[in-house]
>>> print(open('start.txt').read())   # compact mmCIF, N, CA and C atoms
# COMPACT_ATOMS: atom_id res chain seq x y z
N MET A 8 -41.15 -99.70 -43.57
CA MET A 8 -39.98 -100.32 -42.97
C MET A 8 -39.59 -99.51 -41.73
N LYS A 9 -39.40 -100.19 -40.65
CA LYS A 9 -39.07 -99.54 -39.38
C LYS A 9 -37.56 -99.29 -39.31
N ALA A 10 -37.18 -98.02 -39.04
CA ALA A 10 -35.76 -97.68 -38.93
C ALA A 10 -35.24 -98.06 -37.56
N ARG A 11 -34.02 -98.55 -37.52
CA ARG A 11 -33.39 -98.87 -36.23
C ARG A 11 -32.57 -97.68 -35.80
N VAL A 12 -32.80 -97.24 -34.60
CA VAL A 12 -32.16 -96.05 -34.07
C VAL A 12 -30.93 -96.43 -33.26
N GLN A 13 -29.88 -95.63 -33.39
CA GLN A 13 -28.68 -95.81 -32.58
C GLN A 13 -29.05 -95.73 -31.11
N THR A 14 -28.56 -96.65 -30.31
CA THR A 14 -28.94 -96.73 -28.90
C THR A 14 -28.11 -95.81 -28.02
N GLY A 15 -26.83 -95.78 -28.15
CA GLY A 15 -25.93 -95.00 -27.31
C GLY A 15 -24.51 -95.34 -27.68
N THR A 16 -23.58 -94.99 -26.79
CA THR A 16 -22.17 -95.27 -27.01
C THR A 16 -21.62 -95.98 -25.80
N VAL A 17 -20.76 -96.95 -26.03
CA VAL A 17 -20.08 -97.64 -24.94
C VAL A 17 -18.58 -97.52 -25.16
N LEU A 18 -17.87 -97.25 -24.06
CA LEU A 18 -16.42 -97.21 -24.08
C LEU A 18 -15.92 -98.53 -23.50
N ILE A 19 -15.24 -99.31 -24.32
CA ILE A 19 -14.69 -100.60 -23.92
C ILE A 19 -13.26 -100.35 -23.44
N CYS A 20 -13.01 -100.58 -22.15
CA CYS A 20 -11.73 -100.22 -21.55
C CYS A 20 -10.90 -101.44 -21.15
N CYS A 21 -9.68 -101.48 -21.64
CA CYS A 21 -8.64 -102.40 -21.18
C CYS A 21 -8.97 -103.88 -21.36
N PHE A 22 -9.71 -104.22 -22.40
CA PHE A 22 -10.00 -105.62 -22.71
C PHE A 22 -8.96 -106.14 -23.69
N GLU A 23 -8.64 -107.42 -23.60
CA GLU A 23 -7.79 -108.07 -24.59
C GLU A 23 -8.54 -108.07 -25.92
N LYS A 24 -7.80 -108.19 -27.03
CA LYS A 24 -8.39 -108.07 -28.36
C LYS A 24 -9.55 -109.03 -28.59
N GLU A 25 -9.40 -110.29 -28.23
CA GLU A 25 -10.45 -111.28 -28.49
C GLU A 25 -11.75 -110.91 -27.76
N ALA A 26 -11.65 -110.54 -26.49
CA ALA A 26 -12.83 -110.15 -25.72
C ALA A 26 -13.42 -108.86 -26.26
N ALA A 27 -12.57 -107.91 -26.64
CA ALA A 27 -13.05 -106.65 -27.21
C ALA A 27 -13.78 -106.90 -28.53
N ASP A 28 -13.28 -107.83 -29.32
CA ASP A 28 -13.94 -108.17 -30.58
C ASP A 28 -15.32 -108.77 -30.35
N ARG A 29 -15.45 -109.66 -29.35
CA ARG A 29 -16.76 -110.24 -29.03
C ARG A 29 -17.73 -109.15 -28.56
N LEU A 30 -17.23 -108.24 -27.73
CA LEU A 30 -18.08 -107.15 -27.25
C LEU A 30 -18.49 -106.23 -28.39
N THR A 31 -17.56 -105.96 -29.29
CA THR A 31 -17.86 -105.10 -30.44
C THR A 31 -18.96 -105.72 -31.29
N GLU A 32 -18.86 -107.01 -31.52
CA GLU A 32 -19.89 -107.72 -32.30
C GLU A 32 -21.25 -107.63 -31.59
N PHE A 33 -21.26 -107.85 -30.28
CA PHE A 33 -22.49 -107.78 -29.50
C PHE A 33 -23.10 -106.38 -29.59
N PHE A 34 -22.30 -105.35 -29.33
CA PHE A 34 -22.82 -103.98 -29.32
C PHE A 34 -23.25 -103.53 -30.71
N SER A 35 -22.50 -103.92 -31.73
CA SER A 35 -22.88 -103.55 -33.10
C SER A 35 -24.24 -104.14 -33.47
N ALA A 36 -24.51 -105.37 -33.03
CA ALA A 36 -25.80 -106.01 -33.30
C ALA A 36 -26.94 -105.27 -32.61
N HIS A 37 -26.61 -104.52 -31.56
CA HIS A 37 -27.62 -103.76 -30.81
C HIS A 37 -27.61 -102.27 -31.17
N ARG A 38 -26.94 -101.93 -32.26
CA ARG A 38 -26.88 -100.55 -32.75
C ARG A 38 -26.26 -99.59 -31.73
N VAL A 39 -25.25 -100.08 -31.03
CA VAL A 39 -24.53 -99.28 -30.05
C VAL A 39 -23.19 -98.88 -30.66
N SER A 40 -22.87 -97.60 -30.60
CA SER A 40 -21.58 -97.11 -31.06
C SER A 40 -20.51 -97.55 -30.07
N VAL A 41 -19.36 -97.98 -30.58
CA VAL A 41 -18.30 -98.50 -29.73
C VAL A 41 -17.04 -97.64 -29.88
N ARG A 42 -16.43 -97.35 -28.73
CA ARG A 42 -15.14 -96.68 -28.68
C ARG A 42 -14.25 -97.50 -27.76
N TYR A 43 -12.95 -97.31 -27.87
CA TYR A 43 -12.01 -98.13 -27.12
C TYR A 43 -11.04 -97.27 -26.33
N ALA A 44 -10.60 -97.79 -25.19
CA ALA A 44 -9.57 -97.14 -24.38
C ALA A 44 -8.67 -98.21 -23.79
N GLY A 45 -7.41 -97.87 -23.67
CA GLY A 45 -6.45 -98.78 -23.06
C GLY A 45 -5.67 -98.07 -21.97
N PRO A 46 -4.68 -98.73 -21.42
CA PRO A 46 -3.89 -98.14 -20.34
C PRO A 46 -3.28 -96.79 -20.72
N GLU A 47 -2.99 -96.60 -21.99
CA GLU A 47 -2.42 -95.33 -22.45
C GLU A 47 -3.41 -94.16 -22.35
N ASP A 48 -4.69 -94.47 -22.13
CA ASP A 48 -5.73 -93.45 -22.06
C ASP A 48 -6.14 -93.08 -20.64
N LEU A 49 -5.47 -93.61 -19.63
CA LEU A 49 -5.88 -93.38 -18.25
C LEU A 49 -5.91 -91.90 -17.88
N GLY A 50 -5.08 -91.08 -18.49
CA GLY A 50 -5.04 -89.65 -18.20
C GLY A 50 -5.96 -88.81 -19.05
N ARG A 51 -6.74 -89.43 -19.93
CA ARG A 51 -7.64 -88.68 -20.82
C ARG A 51 -9.03 -88.58 -20.21
N GLN A 52 -9.71 -87.48 -20.49
CA GLN A 52 -11.05 -87.26 -19.97
C GLN A 52 -12.06 -88.19 -20.64
N LEU A 53 -13.02 -88.63 -19.83
CA LEU A 53 -14.07 -89.52 -20.33
C LEU A 53 -14.83 -88.89 -21.50
N SER A 54 -15.17 -87.61 -21.37
CA SER A 54 -15.93 -86.96 -22.44
C SER A 54 -15.17 -87.01 -23.77
N ARG A 55 -13.88 -86.84 -23.72
CA ARG A 55 -13.07 -86.89 -24.94
C ARG A 55 -12.99 -88.33 -25.48
N LEU A 56 -12.82 -89.29 -24.58
CA LEU A 56 -12.75 -90.69 -25.01
C LEU A 56 -14.05 -91.14 -25.67
N LEU A 57 -15.17 -90.57 -25.21
CA LEU A 57 -16.47 -90.93 -25.77
C LEU A 57 -16.85 -90.04 -26.96
N GLY A 58 -15.97 -89.13 -27.34
CA GLY A 58 -16.18 -88.30 -28.51
C GLY A 58 -17.25 -87.25 -28.34
N LEU A 59 -17.40 -86.74 -27.13
CA LEU A 59 -18.43 -85.74 -26.87
C LEU A 59 -17.90 -84.34 -27.12
N PRO A 60 -18.74 -83.47 -27.67
CA PRO A 60 -18.32 -82.09 -27.96
C PRO A 60 -18.36 -81.21 -26.70
N GLY A 61 -17.79 -80.02 -26.84
CA GLY A 61 -17.88 -79.02 -25.77
C GLY A 61 -16.61 -78.95 -24.96
N ASP A 62 -16.41 -77.77 -24.40
CA ASP A 62 -15.25 -77.56 -23.53
C ASP A 62 -15.55 -78.11 -22.16
N ILE A 63 -14.63 -78.85 -21.65
CA ILE A 63 -14.75 -79.45 -20.33
C ILE A 63 -13.61 -78.90 -19.48
N SER A 64 -13.92 -78.57 -18.24
CA SER A 64 -12.87 -78.07 -17.35
C SER A 64 -11.82 -79.15 -17.14
N PRO A 65 -10.59 -78.74 -16.85
CA PRO A 65 -9.53 -79.74 -16.65
C PRO A 65 -9.89 -80.75 -15.58
N ALA A 66 -9.52 -81.99 -15.82
CA ALA A 66 -9.84 -83.07 -14.90
C ALA A 66 -8.75 -83.21 -13.85
N GLU A 67 -9.14 -83.75 -12.72
CA GLU A 67 -8.19 -84.06 -11.66
C GLU A 67 -7.41 -85.31 -12.08
N GLN A 68 -6.12 -85.24 -11.99
CA GLN A 68 -5.28 -86.38 -12.34
C GLN A 68 -5.11 -87.29 -11.14
N THR A 69 -4.98 -88.57 -11.40
CA THR A 69 -4.75 -89.52 -10.32
C THR A 69 -3.45 -90.25 -10.57
N ALA A 70 -2.61 -90.28 -9.56
CA ALA A 70 -1.31 -90.94 -9.69
C ALA A 70 -1.44 -92.45 -9.56
N ASP A 71 -2.45 -92.90 -8.82
CA ASP A 71 -2.60 -94.33 -8.55
C ASP A 71 -3.74 -94.94 -9.36
N ALA A 72 -3.75 -94.67 -10.66
CA ALA A 72 -4.80 -95.16 -11.52
C ALA A 72 -4.78 -96.69 -11.58
N VAL A 73 -5.96 -97.26 -11.62
CA VAL A 73 -6.14 -98.70 -11.68
C VAL A 73 -6.38 -99.09 -13.14
N ILE A 74 -5.71 -100.13 -13.58
CA ILE A 74 -5.96 -100.64 -14.94
C ILE A 74 -6.83 -101.87 -14.77
N THR A 75 -8.08 -101.76 -15.18
CA THR A 75 -9.02 -102.87 -15.05
C THR A 75 -10.03 -102.79 -16.19
N GLN A 76 -10.64 -103.90 -16.50
CA GLN A 76 -11.64 -103.93 -17.56
C GLN A 76 -12.89 -103.19 -17.11
N ALA A 77 -13.44 -102.40 -18.02
CA ALA A 77 -14.65 -101.65 -17.70
C ALA A 77 -15.44 -101.35 -18.97
N LEU A 78 -16.73 -101.17 -18.76
CA LEU A 78 -17.63 -100.70 -19.82
C LEU A 78 -18.25 -99.41 -19.30
N ILE A 79 -18.14 -98.34 -20.08
CA ILE A 79 -18.70 -97.05 -19.68
C ILE A 79 -19.74 -96.67 -20.72
N PHE A 80 -20.97 -96.50 -20.25
CA PHE A 80 -22.12 -96.26 -21.12
C PHE A 80 -22.47 -94.78 -21.16
N SER A 81 -22.78 -94.28 -22.35
CA SER A 81 -23.16 -92.89 -22.53
C SER A 81 -24.37 -92.79 -23.45
N ALA A 82 -25.31 -91.93 -23.06
CA ALA A 82 -26.48 -91.60 -23.88
C ALA A 82 -27.43 -92.78 -24.10
N PHE A 83 -27.67 -93.56 -23.05
CA PHE A 83 -28.63 -94.66 -23.10
C PHE A 83 -29.87 -94.26 -22.31
N SER A 84 -31.03 -94.63 -22.81
CA SER A 84 -32.24 -94.50 -22.01
C SER A 84 -32.18 -95.58 -20.93
N ASP A 85 -32.94 -95.42 -19.87
CA ASP A 85 -32.97 -96.44 -18.81
C ASP A 85 -33.39 -97.78 -19.38
N HIS A 86 -34.40 -97.78 -20.22
CA HIS A 86 -34.91 -99.02 -20.80
C HIS A 86 -33.84 -99.70 -21.66
N ALA A 87 -33.20 -98.93 -22.52
CA ALA A 87 -32.18 -99.50 -23.41
C ALA A 87 -31.00 -100.04 -22.60
N LEU A 88 -30.59 -99.32 -21.57
CA LEU A 88 -29.47 -99.78 -20.75
C LEU A 88 -29.82 -101.06 -20.01
N ASP A 89 -31.02 -101.11 -19.45
CA ASP A 89 -31.46 -102.33 -18.76
C ASP A 89 -31.44 -103.53 -19.69
N ARG A 90 -31.94 -103.33 -20.90
CA ARG A 90 -31.99 -104.41 -21.88
C ARG A 90 -30.58 -104.88 -22.27
N ILE A 91 -29.68 -103.93 -22.52
CA ILE A 91 -28.31 -104.26 -22.89
C ILE A 91 -27.61 -105.01 -21.75
N LEU A 92 -27.76 -104.52 -20.53
CA LEU A 92 -27.11 -105.16 -19.39
C LEU A 92 -27.65 -106.58 -19.17
N ASP A 93 -28.97 -106.74 -19.31
CA ASP A 93 -29.57 -108.07 -19.17
C ASP A 93 -28.99 -109.04 -20.21
N GLU A 94 -28.87 -108.58 -21.44
CA GLU A 94 -28.35 -109.44 -22.50
C GLU A 94 -26.86 -109.73 -22.33
N LEU A 95 -26.09 -108.73 -21.87
CA LEU A 95 -24.67 -108.97 -21.58
C LEU A 95 -24.52 -110.06 -20.53
N ASN A 96 -25.33 -109.97 -19.46
CA ASN A 96 -25.29 -110.97 -18.40
C ASN A 96 -25.72 -112.34 -18.91
N ARG A 97 -26.81 -112.37 -19.67
CA ARG A 97 -27.31 -113.64 -20.21
C ARG A 97 -26.28 -114.31 -21.10
N ASP A 98 -25.58 -113.50 -21.91
CA ASP A 98 -24.59 -114.05 -22.84
C ASP A 98 -23.24 -114.30 -22.18
N GLY A 99 -23.09 -113.92 -20.91
CA GLY A 99 -21.85 -114.14 -20.19
C GLY A 99 -20.70 -113.27 -20.66
N LEU A 100 -21.01 -112.12 -21.24
CA LEU A 100 -19.97 -111.23 -21.74
C LEU A 100 -19.53 -110.24 -20.66
N ALA A 101 -18.26 -109.94 -20.63
CA ALA A 101 -17.68 -108.93 -19.73
C ALA A 101 -17.92 -109.25 -18.26
N ARG A 102 -17.91 -110.54 -17.93
CA ARG A 102 -18.05 -110.91 -16.52
C ARG A 102 -16.90 -110.34 -15.72
N GLY A 103 -17.20 -109.75 -14.59
CA GLY A 103 -16.18 -109.19 -13.72
C GLY A 103 -15.72 -107.81 -14.10
N ALA A 104 -16.16 -107.32 -15.25
CA ALA A 104 -15.77 -105.97 -15.67
C ALA A 104 -16.56 -104.93 -14.88
N LEU A 105 -15.91 -103.83 -14.58
CA LEU A 105 -16.60 -102.72 -13.94
C LEU A 105 -17.53 -102.08 -14.97
N ARG A 106 -18.62 -101.50 -14.49
CA ARG A 106 -19.58 -100.85 -15.39
C ARG A 106 -19.96 -99.50 -14.80
N ALA A 107 -20.09 -98.52 -15.67
CA ALA A 107 -20.44 -97.17 -15.21
C ALA A 107 -21.24 -96.47 -16.29
N ILE A 108 -21.93 -95.42 -15.85
CA ILE A 108 -22.68 -94.56 -16.76
C ILE A 108 -22.03 -93.18 -16.72
N LEU A 109 -21.83 -92.59 -17.88
CA LEU A 109 -21.32 -91.23 -17.94
C LEU A 109 -22.40 -90.29 -17.43
N THR A 110 -22.02 -89.42 -16.50
CA THR A 110 -22.96 -88.47 -15.91
C THR A 110 -22.38 -87.07 -16.03
N PRO A 111 -23.20 -86.04 -15.79
CA PRO A 111 -22.65 -84.68 -15.78
C PRO A 111 -21.55 -84.52 -14.72
N HIS A 112 -21.65 -85.28 -13.66
CA HIS A 112 -20.66 -85.20 -12.57
C HIS A 112 -19.31 -85.81 -12.97
N ASN A 113 -19.31 -86.94 -13.67
CA ASN A 113 -18.05 -87.63 -13.94
C ASN A 113 -17.50 -87.41 -15.36
N ARG A 114 -18.20 -86.69 -16.20
CA ARG A 114 -17.77 -86.56 -17.59
C ARG A 114 -16.43 -85.86 -17.76
N SER A 115 -16.03 -85.04 -16.79
CA SER A 115 -14.73 -84.36 -16.90
C SER A 115 -13.61 -85.15 -16.21
N TRP A 116 -13.95 -86.26 -15.58
CA TRP A 116 -12.93 -87.08 -14.92
C TRP A 116 -12.06 -87.76 -15.96
N THR A 117 -10.88 -88.13 -15.54
CA THR A 117 -10.04 -88.97 -16.40
C THR A 117 -10.53 -90.41 -16.27
N LEU A 118 -10.17 -91.21 -17.25
CA LEU A 118 -10.50 -92.63 -17.18
C LEU A 118 -9.89 -93.25 -15.94
N GLY A 119 -8.67 -92.89 -15.61
CA GLY A 119 -7.99 -93.43 -14.43
C GLY A 119 -8.73 -93.10 -13.15
N LYS A 120 -9.24 -91.86 -13.04
CA LYS A 120 -9.98 -91.48 -11.83
C LYS A 120 -11.26 -92.30 -11.71
N LEU A 121 -11.99 -92.46 -12.81
CA LEU A 121 -13.23 -93.24 -12.76
C LEU A 121 -12.94 -94.70 -12.39
N LEU A 122 -11.93 -95.29 -13.02
CA LEU A 122 -11.61 -96.69 -12.72
C LEU A 122 -11.20 -96.85 -11.25
N GLY A 123 -10.47 -95.89 -10.73
CA GLY A 123 -10.08 -95.92 -9.33
C GLY A 123 -11.29 -95.85 -8.41
N GLU A 124 -12.23 -94.95 -8.72
CA GLU A 124 -13.45 -94.82 -7.92
C GLU A 124 -14.29 -96.10 -7.98
N LEU A 125 -14.41 -96.67 -9.17
CA LEU A 125 -15.18 -97.90 -9.32
C LEU A 125 -14.55 -99.06 -8.56
N GLU A 126 -13.23 -99.14 -8.60
CA GLU A 126 -12.54 -100.22 -7.88
C GLU A 126 -12.70 -100.05 -6.38
N THR A 127 -12.66 -98.81 -5.89
CA THR A 127 -12.87 -98.55 -4.47
C THR A 127 -14.28 -98.98 -4.05
N GLU A 128 -15.27 -98.65 -4.89
CA GLU A 128 -16.65 -99.06 -4.61
C GLU A 128 -16.78 -100.57 -4.61
N ARG A 129 -16.13 -101.24 -5.56
CA ARG A 129 -16.20 -102.70 -5.64
C ARG A 129 -15.64 -103.32 -4.36
N LYS A 130 -14.50 -102.83 -3.91
CA LYS A 130 -13.87 -103.37 -2.70
C LYS A 130 -14.76 -103.14 -1.48
N ALA A 131 -15.38 -101.97 -1.39
CA ALA A 131 -16.27 -101.67 -0.27
C ALA A 131 -17.48 -102.60 -0.28
N MET A 132 -18.03 -102.86 -1.46
CA MET A 132 -19.19 -103.76 -1.56
C MET A 132 -18.78 -105.19 -1.20
N GLN A 133 -17.63 -105.62 -1.65
CA GLN A 133 -17.16 -106.97 -1.33
C GLN A 133 -16.90 -107.11 0.16
N ALA A 134 -16.35 -106.08 0.78
CA ALA A 134 -16.10 -106.12 2.22
C ALA A 134 -17.41 -106.19 2.99
N GLY A 135 -18.44 -105.54 2.47
CA GLY A 135 -19.75 -105.57 3.11
C GLY A 135 -20.43 -106.92 3.00
N ARG A 136 -20.01 -107.74 2.05
CA ARG A 136 -20.62 -109.06 1.85
C ARG A 136 -19.91 -110.15 2.64
N GLN A 137 -18.78 -109.83 3.26
CA GLN A 137 -18.05 -110.84 4.00
C GLN A 137 -18.91 -111.35 5.15
N PRO A 138 -18.93 -112.66 5.36
CA PRO A 138 -19.72 -113.20 6.48
C PRO A 138 -19.15 -112.72 7.81
N VAL A 139 -20.05 -112.40 8.69
CA VAL A 139 -19.65 -111.94 10.02
C VAL A 139 -19.32 -113.16 10.86
N LYS A 140 -18.12 -113.17 11.45
CA LYS A 140 -17.72 -114.28 12.31
C LYS A 140 -18.37 -114.10 13.67
N GLU A 141 -19.06 -115.14 14.09
CA GLU A 141 -19.71 -115.07 15.40
C GLU A 141 -18.74 -115.54 16.47
N ASP A 142 -18.86 -114.93 17.62
CA ASP A 142 -18.01 -115.31 18.76
C ASP A 142 -18.43 -116.70 19.22
N SER A 143 -17.51 -117.64 19.23
CA SER A 143 -17.86 -119.01 19.59
C SER A 143 -17.41 -119.36 21.01
N ALA A 144 -17.23 -118.34 21.82
CA ALA A 144 -16.80 -118.60 23.22
C ALA A 144 -17.94 -119.24 23.99
N ASP A 145 -17.61 -120.24 24.77
CA ASP A 145 -18.62 -120.91 25.61
C ASP A 145 -18.84 -120.10 26.87
N ASP A 146 -20.08 -120.03 27.33
CA ASP A 146 -20.40 -119.31 28.56
C ASP A 146 -20.57 -120.26 29.69
>>> encode(input="start.txt", output="structure tokens")
Amino acid sequence: MKARVQTGTVLICCFEKEAADRLTEFFSAHRVSVRYAGPEDLGRQLSRLLGLPGDISPAEQTADAVITQALIFSAFSDHALDRILDELNRDGLARGALRAILTPHNRSWTLGKLLGELETERKAMQAGRQPVKEDSADD
């Protein structure tokens, strides 16, 4: 009998209960550990929210934290993450939610700082996709 191995952990941030329940069901079926965060957790470090051990240096606090839906992935292989993301997209789950991977660089950040950075990146990408208006002046 082949044993199924735990894939990783996902932090489900700021989703309404019904959507969080659907995501929990999806991730549980894929052997992914699930943790939750809400607006009350914006000042908490990502490593703590994901239940990771070890002392982490104090995180930079952000006064202008953004409250938005996000999925933060930790301890996934590239292959497993690709598969999970493909299936999330195929199933239409968490559309519009920000997505991030926990890294050595961001693990000491607060949830609010990460969400703020992700929202800034999203806005920059959307601004880059805006159609360029051509000058329609007649010569």
>>> residues_around(input="start.txt", residues="stretch 78-82 of chain A", least_positions_apart="4", cutoff="6 Å", atoms="all atoms listed in the file", output="PDB file with N, CA and C atoms, in the frame of the given file")
ATOM      1  N   THR A  14     -28.560 -96.650 -30.310  1.00  0.00           N
ATOM      2  CA  THR A  14     -28.940 -96.730 -28.900  1.00  0.00           C
ATOM      3  C   THR A  14     -28.110 -95.810 -28.020  1.00  0.00           C
ATOM      4  N   GLY A  15     -26.830 -95.780 -28.150  1.00  0.00           N
ATOM      5  CA  GLY A  15     -25.930 -95.000 -27.310  1.00  0.00           C
ATOM      6  C   GLY A  15     -24.510 -95.340 -27.680  1.00  0.00           C
ATOM      7  N   THR A  16     -23.580 -94.990 -26.790  1.00  0.00           N
ATOM      8  CA  THR A  16     -22.170 -95.270 -27.010  1.00  0.00           C
ATOM      9  C   THR A  16     -21.620 -95.980 -25.800  1.00  0.00           C
ATOM     10  N   VAL A  17     -20.760 -96.950 -26.030  1.00  0.00           N
ATOM     11  CA  VAL A  17     -20.080 -97.640 -24.940  1.00  0.00           C
ATOM     12  C   VAL A  17     -18.580 -97.520 -25.160  1.00  0.00           C
ATOM     13  N   LEU A  18     -17.870 -97.250 -24.060  1.00  0.00           N
ATOM     14  CA  LEU A  18     -16.420 -97.210 -24.080  1.00  0.00           C
ATOM     15  C   LEU A  18     -15.920 -98.530 -23.500  1.00  0.00           C
ATOM     16  N   ILE A  19     -15.240 -99.310 -24.320  1.00  0.00           N
ATOM     17  CA  ILE A  19     -14.690-100.600 -23.920  1.00  0.00           C
ATOM     18  C   ILE A  19     -13.260-100.350 -23.440  1.00  0.00           C
ATOM     19  N   CYS A  20     -13.010-100.580 -22.150  1.00  0.00           N
ATOM     20  CA  CYS A  20     -11.730-100.220 -21.550  1.00  0.00           C
ATOM     21  C   CYS A  20     -10.900-101.440 -21.150  1.00  0.00           C
ATOM     22  N   ALA A 104     -16.160-107.320 -15.250  1.00  0.00           N
ATOM     23  CA  ALA A 104     -15.770-105.970 -15.670  1.00  0.00           C
ATOM     24  C   ALA A 104     -16.560-104.930 -14.880  1.00  0.00           C
ATOM     25  N   LEU A 105     -15.910-103.830 -14.580  1.00  0.00           N
ATOM     26  CA  LEU A 105     -16.600-102.720 -13.940  1.00  0.00           C
ATOM     27  C   LEU A 105     -17.530-102.080 -14.970  1.00  0.00           C
ATOM     28  N   ARG A 106     -18.620-101.500 -14.490  1.00  0.00           N
ATOM     29  CA  ARG A 106     -19.580-100.850 -15.390  1.00  0.00           C
ATOM     30  C   ARG A 106     -19.960 -99.500 -14.800  1.00  0.00           C
ATOM     31  N   ALA A 107     -20.090 -98.520 -15.670  1.00  0.00           N
ATOM     32  CA  ALA A 107     -20.440 -97.170 -15.210  1.00  0.00           C
ATOM     33  C   ALA A 107     -21.240 -96.470 -16.290  1.00  0.00           C
ATOM     34  N   ILE A 108     -21.930 -95.420 -15.850  1.00  0.00           N
ATOM     35  CA  ILE A 108     -22.680 -94.560 -16.760  1.00  0.00           C
ATOM     36  C   ILE A 108     -22.030 -93.180 -16.720  1.00  0.00           C
ATOM     37  N   LEU A 109     -21.830 -92.590 -17.880  1.00  0.00           N
ATOM     38  CA  LEU A 109     -21.320 -91.230 -17.940  1.00  0.00           C
ATOM     39  C   LEU A 109     -22.400 -90.290 -17.430  1.00  0.00           C
TER      40      LEU A 109
END
>>> closest_residue(input="start.txt", among="A:Gly135, A:Gly99, A:Gly58, A:Gly50", to="A:Gly119", atoms="only N, CA and C atoms")
A:Gly50
>>> atom_distance(input="start.txt", atom1="atom C of A:Tyr43", atom2="atom N of A:Ala131")
25.7 Å
>>> atom_distance(input="start.txt", atom1="atom N of A:Val41", atom2="atom C of A:Leu56")
10.0 Å
>>> closest_residue(input="start.txt", among="A:Thr117, A:Gln52, A:Thr31, A:Thr110", to="A:Val73", atoms="only C-alpha atoms")
A:Thr117
>>> closest_residue(input="start.txt", among="A:Glu128, A:Glu23, A:Asp85, A:Glu94", to="A:His37", atoms="only C-alpha atoms")
A:Glu94
>>> atom_distance(input="start.txt", atom1="atom C of A:Gln133", atom2="atom C of A:Arg102")
16.2 Å
>>> closest_residue(input="start.txt", among="A:Ala134, A:Asp93, A:Arg51, A:Leu59", to="A:Leu121", atoms="only C-alpha atoms")
A:Arg51
>>> closest_residue(input="start.txt", among="A:Arg90, A:Ala101, A:Lys130, A:Leu49", to="A:Leu118", atoms="all atoms listed in the file")
A:Leu49
>>> closest_residue(input="start.txt", among="A:Leu100, A:Thr127, A:Arg136, A:Leu122", to="A:Arg29", atoms="only C-alpha atoms")
A:Leu100
>>> select_by_dssp(input="start.txt", residues="stretch 82-146 of chain A", states="strand (DSSP E or B)", output="PyMOL selection string")
chain A and resi 105-108+117
